[in-house]
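Let me begin by presenting the structure, written as structure tokens, before commenting on it.
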Amino acid sequence: MIKNVLIIGATGQIGSELTLALRKIYGNDHVIAAGIENPCEKLLQSGVYETLNILDAQRLAEVVKKYQIDAIINMAAILSAVGEKNPMLAWNVNINGLINVLEVARELQLKRVLNPSSIAAFGPSTPKDNTPQETILRPTSMYGITKVAGELLADYYVLKYGLDVRGLRYPGIISNETLPGGGTTDYAVAIFYEAIKTGHYECFLKEDTMLPMMYMPDCLKATIDLFHADFNKLIHHNDFNVAAFSFTPKMLYENIKQYLPAFTISYKPDYRQAIADSWPRSIDDSCARAEWGWQPSFSMDDMVKDMIQVLKQKHEKGLI
Ligand code: SER
């Protein structure tokens, strides 16, 4: 049984909410948050936070021993847009960081590791619609390259050492707690904040760029369900496709406009367009459904309605 979980990258978009969700399951003292950025009040007040750079293997081992950690969830990553600006940093954090996690897990015989991948694992030669889990993996972004290499590395630790390592390919994640940092799908979060705060959004992708997306409650559900899945029933381990819905910036704009009729949008594609163009439009997640019962709860309409409601309230309180 897993008692103590370490979440690395706990201050990020997913890590911050995942830490709070897991603290509700395992108890506040049993989920240790770690990262290199300043944690928000909710993280600090609900449990332990350790400053930890994933590249510091010695300190990672110290933290694991100090809290008798038996599972690590690695949410530390350099995302696609920042990765194109600084490819070596992306390689270093996403690959050397992951190796540190896998090695400490092997050496200290931890019970479980979860390391996410992404739709960025796919590339221009991958079939774009209903993309299968097992298909051509030839990404053209450094982020994508590190994600494919990470999936293979993690599978290697399963095969070679019998280590329990799992992972899933996140689509773009939409949320309203912690802002995403440096991804190509970030537009789908920023658009809500700008719609509510200024009434206008300038989109860095073209209006017809279709990408797979998911709302944070489903992202947390997918992550926690895979984390708790019976390892013996898994056929795949580190490359699970998970899907909820797909949309273009124009579709999202029109949906938001139902709630904010004066909202306007303009389009100014930049270097992130090429990254988005190399990714699938929609994802086939039948392996996740069959092997660990994955099923999303939120449709695009549910997500938009909830995002507007939550962010309007935050805006009225002066929080955003
Ligand atoms: N959201 C990520 C990005 O845009 C994809 O996994 O980089």
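Every chain in the structure tokens has a letter given in the order shown (A, B, ...), and although residue numbers restart at 1 in each chain, ligands are simply numbered from 1 in the order shown.
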
What are the closest atom pairs, with distances in Å to one decimal, for each residue of chain A lying within 9 Å of ligand 1, using only C-alpha atoms and all ligand atoms, rows by chain and rising residue number, as CSV?
residue,atom,partner,partner_atom_place_in_ligand_line,distance
A:Ile78,CA,ligand 1,7 (O),8.0
A:Leu79,CA,ligand 1,7 (O),4.3
A:Ser80,CA,ligand 1,7 (O),3.8
A:Ala81,CA,ligand 1,7 (O),6.1
A:Val82,CA,ligand 1,7 (O),8.2
A:Gly83,CA,ligand 1,7 (O),8.4
A:Ser117,CA,ligand 1,6 (O),7.2
A:Ser118,CA,ligand 1,6 (O),4.3
A:Ile119,CA,ligand 1,6 (O),5.7
A:Ala120,CA,ligand 1,6 (O),5.6
A:Ala121,CA,ligand 1,6 (O),8.5
A:Tyr143,CA,ligand 1,7 (O),7.2
A:Gly144,CA,ligand 1,6 (O),8.3
A:Arg169,CA,ligand 1,6 (O),7.5
A:Tyr170,CA,ligand 1,6 (O),5.7
A:Pro171,CA,ligand 1,6 (O),5.7
A:Gly172,CA,ligand 1,1 (N),4.3
A:Ile173,CA,ligand 1,1 (N),6.2
A:Pro180,CA,ligand 1,1 (N),7.9
A:Gly181,CA,ligand 1,7 (O),8.5
A:Gly182,CA,ligand 1,7 (O),6.6
A:Gly183,CA,ligand 1,4 (O),3.4
A:Thr184,CA,ligand 1,4 (O),3.5
A:Thr185,CA,ligand 1,4 (O),4.1
A:Asp186,CA,ligand 1,4 (O),6.1
A:Tyr187,CA,ligand 1,4 (O),8.9
A:Met213,CA,ligand 1,1 (N),8.7
A:Arg272,CA,ligand 1,4 (O),8.9
A:Ile275,CA,ligand 1,4 (O),8.5
A:Ala276,CA,ligand 1,4 (O),8.0

Would you mind exporting the chosen residues as a compact mmCIF listing (two decimals), in the first residue's frame, restricted to N, CA, C and O atoms?
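Written out: out_12.txt:
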# COMPACT_ATOMS: atom_id res chain seq x y z
N ILE A 78 9.53 21.20 -18.75
CA ILE A 78 9.57 22.39 -19.60
C ILE A 78 8.65 22.10 -20.77
O ILE A 78 8.85 21.12 -21.50
N LEU A 79 7.63 22.92 -20.97
CA LEU A 79 6.61 22.65 -22.00
C LEU A 79 7.07 23.08 -23.40
O LEU A 79 8.18 23.59 -23.59
N SER A 80 6.16 22.90 -24.36
CA SER A 80 6.57 22.97 -25.77
C SER A 80 7.10 24.33 -26.23
O SER A 80 8.10 24.40 -26.94
N ALA A 81 6.43 25.42 -25.81
CA ALA A 81 6.84 26.74 -26.32
C ALA A 81 8.17 27.17 -25.70
O ALA A 81 9.10 27.57 -26.41
N VAL A 82 8.28 27.03 -24.39
CA VAL A 82 9.55 27.37 -23.72
C VAL A 82 10.66 26.43 -24.21
O VAL A 82 11.80 26.83 -24.39
N GLY A 83 10.28 25.17 -24.46
CA GLY A 83 11.25 24.20 -24.95
C GLY A 83 11.86 24.57 -26.29
O GLY A 83 13.03 24.28 -26.56
N SER A 117 3.21 11.98 -20.09
CA SER A 117 3.64 12.33 -21.43
C SER A 117 2.60 13.31 -21.99
O SER A 117 1.87 13.94 -21.20
N SER A 118 2.54 13.43 -23.30
CA SER A 118 1.73 14.50 -23.89
C SER A 118 1.37 14.16 -25.33
O SER A 118 2.04 13.35 -25.97
N ILE A 119 0.34 14.84 -25.85
CA ILE A 119 0.05 14.75 -27.28
C ILE A 119 1.23 15.23 -28.12
O ILE A 119 1.28 14.97 -29.32
N ALA A 120 2.18 15.91 -27.47
CA ALA A 120 3.38 16.38 -28.17
C ALA A 120 4.28 15.22 -28.59
O ALA A 120 5.23 15.41 -29.35
N ALA A 121 3.99 14.00 -28.08
CA ALA A 121 4.77 12.83 -28.50
C ALA A 121 4.54 12.51 -29.97
O ALA A 121 5.35 11.83 -30.61
N TYR A 143 10.27 19.45 -26.88
CA TYR A 143 9.38 18.93 -25.84
C TYR A 143 8.86 17.54 -26.23
O TYR A 143 8.91 16.60 -25.43
N GLY A 144 8.39 17.42 -27.46
CA GLY A 144 7.87 16.13 -27.93
C GLY A 144 8.94 15.05 -27.93
O GLY A 144 8.67 13.90 -27.57
N ARG A 169 -0.69 10.42 -21.76
CA ARG A 169 -0.42 11.55 -22.67
C ARG A 169 -1.51 12.60 -22.50
O ARG A 169 -2.61 12.45 -23.03
N TYR A 170 -1.16 13.66 -21.79
CA TYR A 170 -2.15 14.73 -21.59
C TYR A 170 -2.41 15.49 -22.88
O TYR A 170 -1.47 15.82 -23.61
N PRO A 171 -3.68 15.82 -23.13
CA PRO A 171 -3.96 16.84 -24.15
C PRO A 171 -3.75 18.22 -23.51
O PRO A 171 -3.24 18.31 -22.40
N GLY A 172 -4.15 19.31 -24.16
CA GLY A 172 -4.09 20.63 -23.54
C GLY A 172 -5.00 20.65 -22.34
O GLY A 172 -6.14 20.20 -22.42
N ILE A 173 -4.51 21.18 -21.21
CA ILE A 173 -5.31 21.16 -19.98
C ILE A 173 -5.80 22.58 -19.66
O ILE A 173 -5.02 23.52 -19.60
N PRO A 180 -1.05 27.93 -16.71
CA PRO A 180 -0.06 27.06 -17.34
C PRO A 180 1.19 27.88 -17.68
O PRO A 180 1.11 29.10 -17.77
N GLY A 181 2.30 27.18 -17.87
CA GLY A 181 3.54 27.92 -18.14
C GLY A 181 4.24 27.42 -19.37
O GLY A 181 4.85 26.36 -19.36
N GLY A 182 4.14 28.14 -20.47
CA GLY A 182 5.00 27.90 -21.60
C GLY A 182 4.57 26.82 -22.57
O GLY A 182 5.40 26.25 -23.28
N GLY A 183 3.28 26.54 -22.64
CA GLY A 183 2.82 25.53 -23.60
C GLY A 183 2.14 26.16 -24.81
O GLY A 183 1.85 27.36 -24.82
N THR A 184 1.87 25.32 -25.81
CA THR A 184 1.19 25.77 -27.03
C THR A 184 -0.32 25.81 -26.84
O THR A 184 -1.02 26.61 -27.46
N THR A 185 -0.82 24.95 -25.95
CA THR A 185 -2.27 24.92 -25.70
C THR A 185 -2.69 25.99 -24.67
O THR A 185 -3.86 26.07 -24.33
N ASP A 186 -1.73 26.77 -24.17
CA ASP A 186 -2.03 27.78 -23.13
C ASP A 186 -3.06 28.80 -23.59
O ASP A 186 -3.70 29.45 -22.77
N TYR A 187 -3.21 28.97 -24.90
CA TYR A 187 -4.17 29.95 -25.41
C TYR A 187 -5.57 29.67 -24.87
O TYR A 187 -6.36 30.58 -24.61
N MET A 213 -8.19 18.65 -26.09
CA MET A 213 -8.16 19.42 -24.83
C MET A 213 -8.91 18.65 -23.74
O MET A 213 -9.69 17.73 -24.04
N ARG A 272 4.45 29.28 -32.35
CA ARG A 272 3.71 28.16 -31.75
C ARG A 272 2.75 27.49 -32.73
O ARG A 272 2.32 26.37 -32.52
N ILE A 275 4.22 24.31 -34.00
CA ILE A 275 4.15 23.23 -33.00
C ILE A 275 2.74 22.63 -33.03
O ILE A 275 2.57 21.40 -33.12
N ALA A 276 1.73 23.50 -32.99
CA ALA A 276 0.34 23.01 -32.99
C ALA A 276 0.03 22.22 -34.26
O ALA A 276 -0.66 21.19 -34.21

Practice item. Can you list, as number ranges by chain, all residues belonging to stretch 255-319 of chain A that DSSP tags as strand (DSSP E)? Key: A: 264-267

Using only C-alpha atoms, find each residue in stretch 204-269 of chain A having at least one atom no more than 12 Å away from stretch 130-142 of chain A; report its shortest atom-to-atom pair and that distance in Å (one decimal), rows by chain then rising number, as a Markdown table.
| residue | atom | partner | partner_atom | distance |
| --- | --- | --- | --- | --- |
| A:Leu211 | CA | A:Asn130 | CA | 11.3 |
| A:Pro212 | CA | A:Asn130 | CA | 9.9 |
| A:His236 | CA | A:Gln133 | CA | 9.7 |
| A:His237 | CA | A:Gln133 | CA | 11.5 |
| A:Asn238 | CA | A:Gln133 | CA | 10.7 |
| A:Asp239 | CA | A:Gln133 | CA | 7.1 |
| A:Phe240 | CA | A:Gln133 | CA | 6.7 |
| A:Asn241 | CA | A:Gln133 | CA | 5.7 |
| A:Val242 | CA | A:Gln133 | CA | 9.2 |
| A:Ala243 | CA | A:Asn130 | CA | 9.6 |
| A:Ala244 | CA | A:Asn130 | CA | 11.8 |
| A:Phe245 | CA | A:Asn130 | CA | 11.1 |
| A:Ser246 | CA | A:Asn130 | CA | 10.5 |

Study note, to complete from the structure: Among A:Val93, A:Val304, A:Ala188, A:Leu168, A:Ala288 is approached most closely, using only C-alpha atoms, by A:Leu168

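You can rank A:Leu260, A:Val310, A:Ile14, A:Met251 by their closest distance to A:Thr198 using only C-alpha atoms, and at the top of that list sits A:Leu260.
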
Exercise for review: Could you pull out the residues in stretch 64-280 of chain A that DSSP calls alpha helix (DSSP H) from the backbone, as a PyMOL selection string?
Suggested key: chain A and resi 64-66+80-85+87-91+97-107+142-161+187-197+216-228+249-257+272-277

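Residues lying within 7 Å of A:Thr51, counting only C-alpha atoms and ignoring same-chain neighbours fewer than 6 positions away, are Ala34, Gly35 and Ile36 of chain A.
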
Write the residues of the selection above to a file with N, CA and C atoms, as a PDB file, in the first residue's frame.
ATOM      1  N   ALA A  34       6.840  19.417  -3.807  1.00  0.00           N
ATOM      2  CA  ALA A  34       8.213  19.879  -4.032  1.00  0.00           C
ATOM      3  C   ALA A  34       8.309  20.611  -5.354  1.00  0.00           C
ATOM      4  N   GLY A  35       9.207  21.586  -5.391  1.00  0.00           N
ATOM      5  CA  GLY A  35       9.393  22.342  -6.630  1.00  0.00           C
ATOM      6  C   GLY A  35      10.434  23.419  -6.453  1.00  0.00           C
ATOM      7  N   ILE A  36      10.571  24.261  -7.472  1.00  0.00           N
ATOM      8  CA  ILE A  36      11.591  25.317  -7.407  1.00  0.00           C
ATOM      9  C   ILE A  36      10.966  26.708  -7.357  1.00  0.00           C
TER      10      ILE A  36
END

Review point. Can you list, as a PyMOL selection string, every protein, DNA or RNA residue that comes within 12 Å of A:His315 when you count only C-alpha atoms, leaving out same-chain residues fewer than 2 positions away?
Key: chain A and resi 176+192-198+307-313+317-320

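Relative to atom CA of A:Val113, atom CA of A:Asp164 is found at 6.3 Å.
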
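Using only C-alpha atoms, the protein and nucleic acid residues lying no more than 9 Å from stretch 150-152 of chain A, apart from those fewer than 4 places from it along its own chain, are A:Asn94, A:Ile95, A:Leu98, A:Ile99, A:Asn115, A:Pro116, A:Ser117, A:Ala121, A:Ile145, A:Thr146, A:Tyr156, A:Tyr157, A:Arg166, A:Gly167, A:His237, A:Asn238, A:Asp239.
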
Practice item. Extract, using only C-alpha atoms, all DNA, RNA and protein residues at most 7 Å from stretch 215-217 of chain A, discarding same-chain residues fewer than 2 positions from it, and format them as a count of residues only. Key: 8

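Take the candidates A:Leu22, A:Ala71, A:Leu44, A:Ala90 and check each one against A:Thr223 using only C-alpha atoms; the shortest distance goes to A:Leu22.
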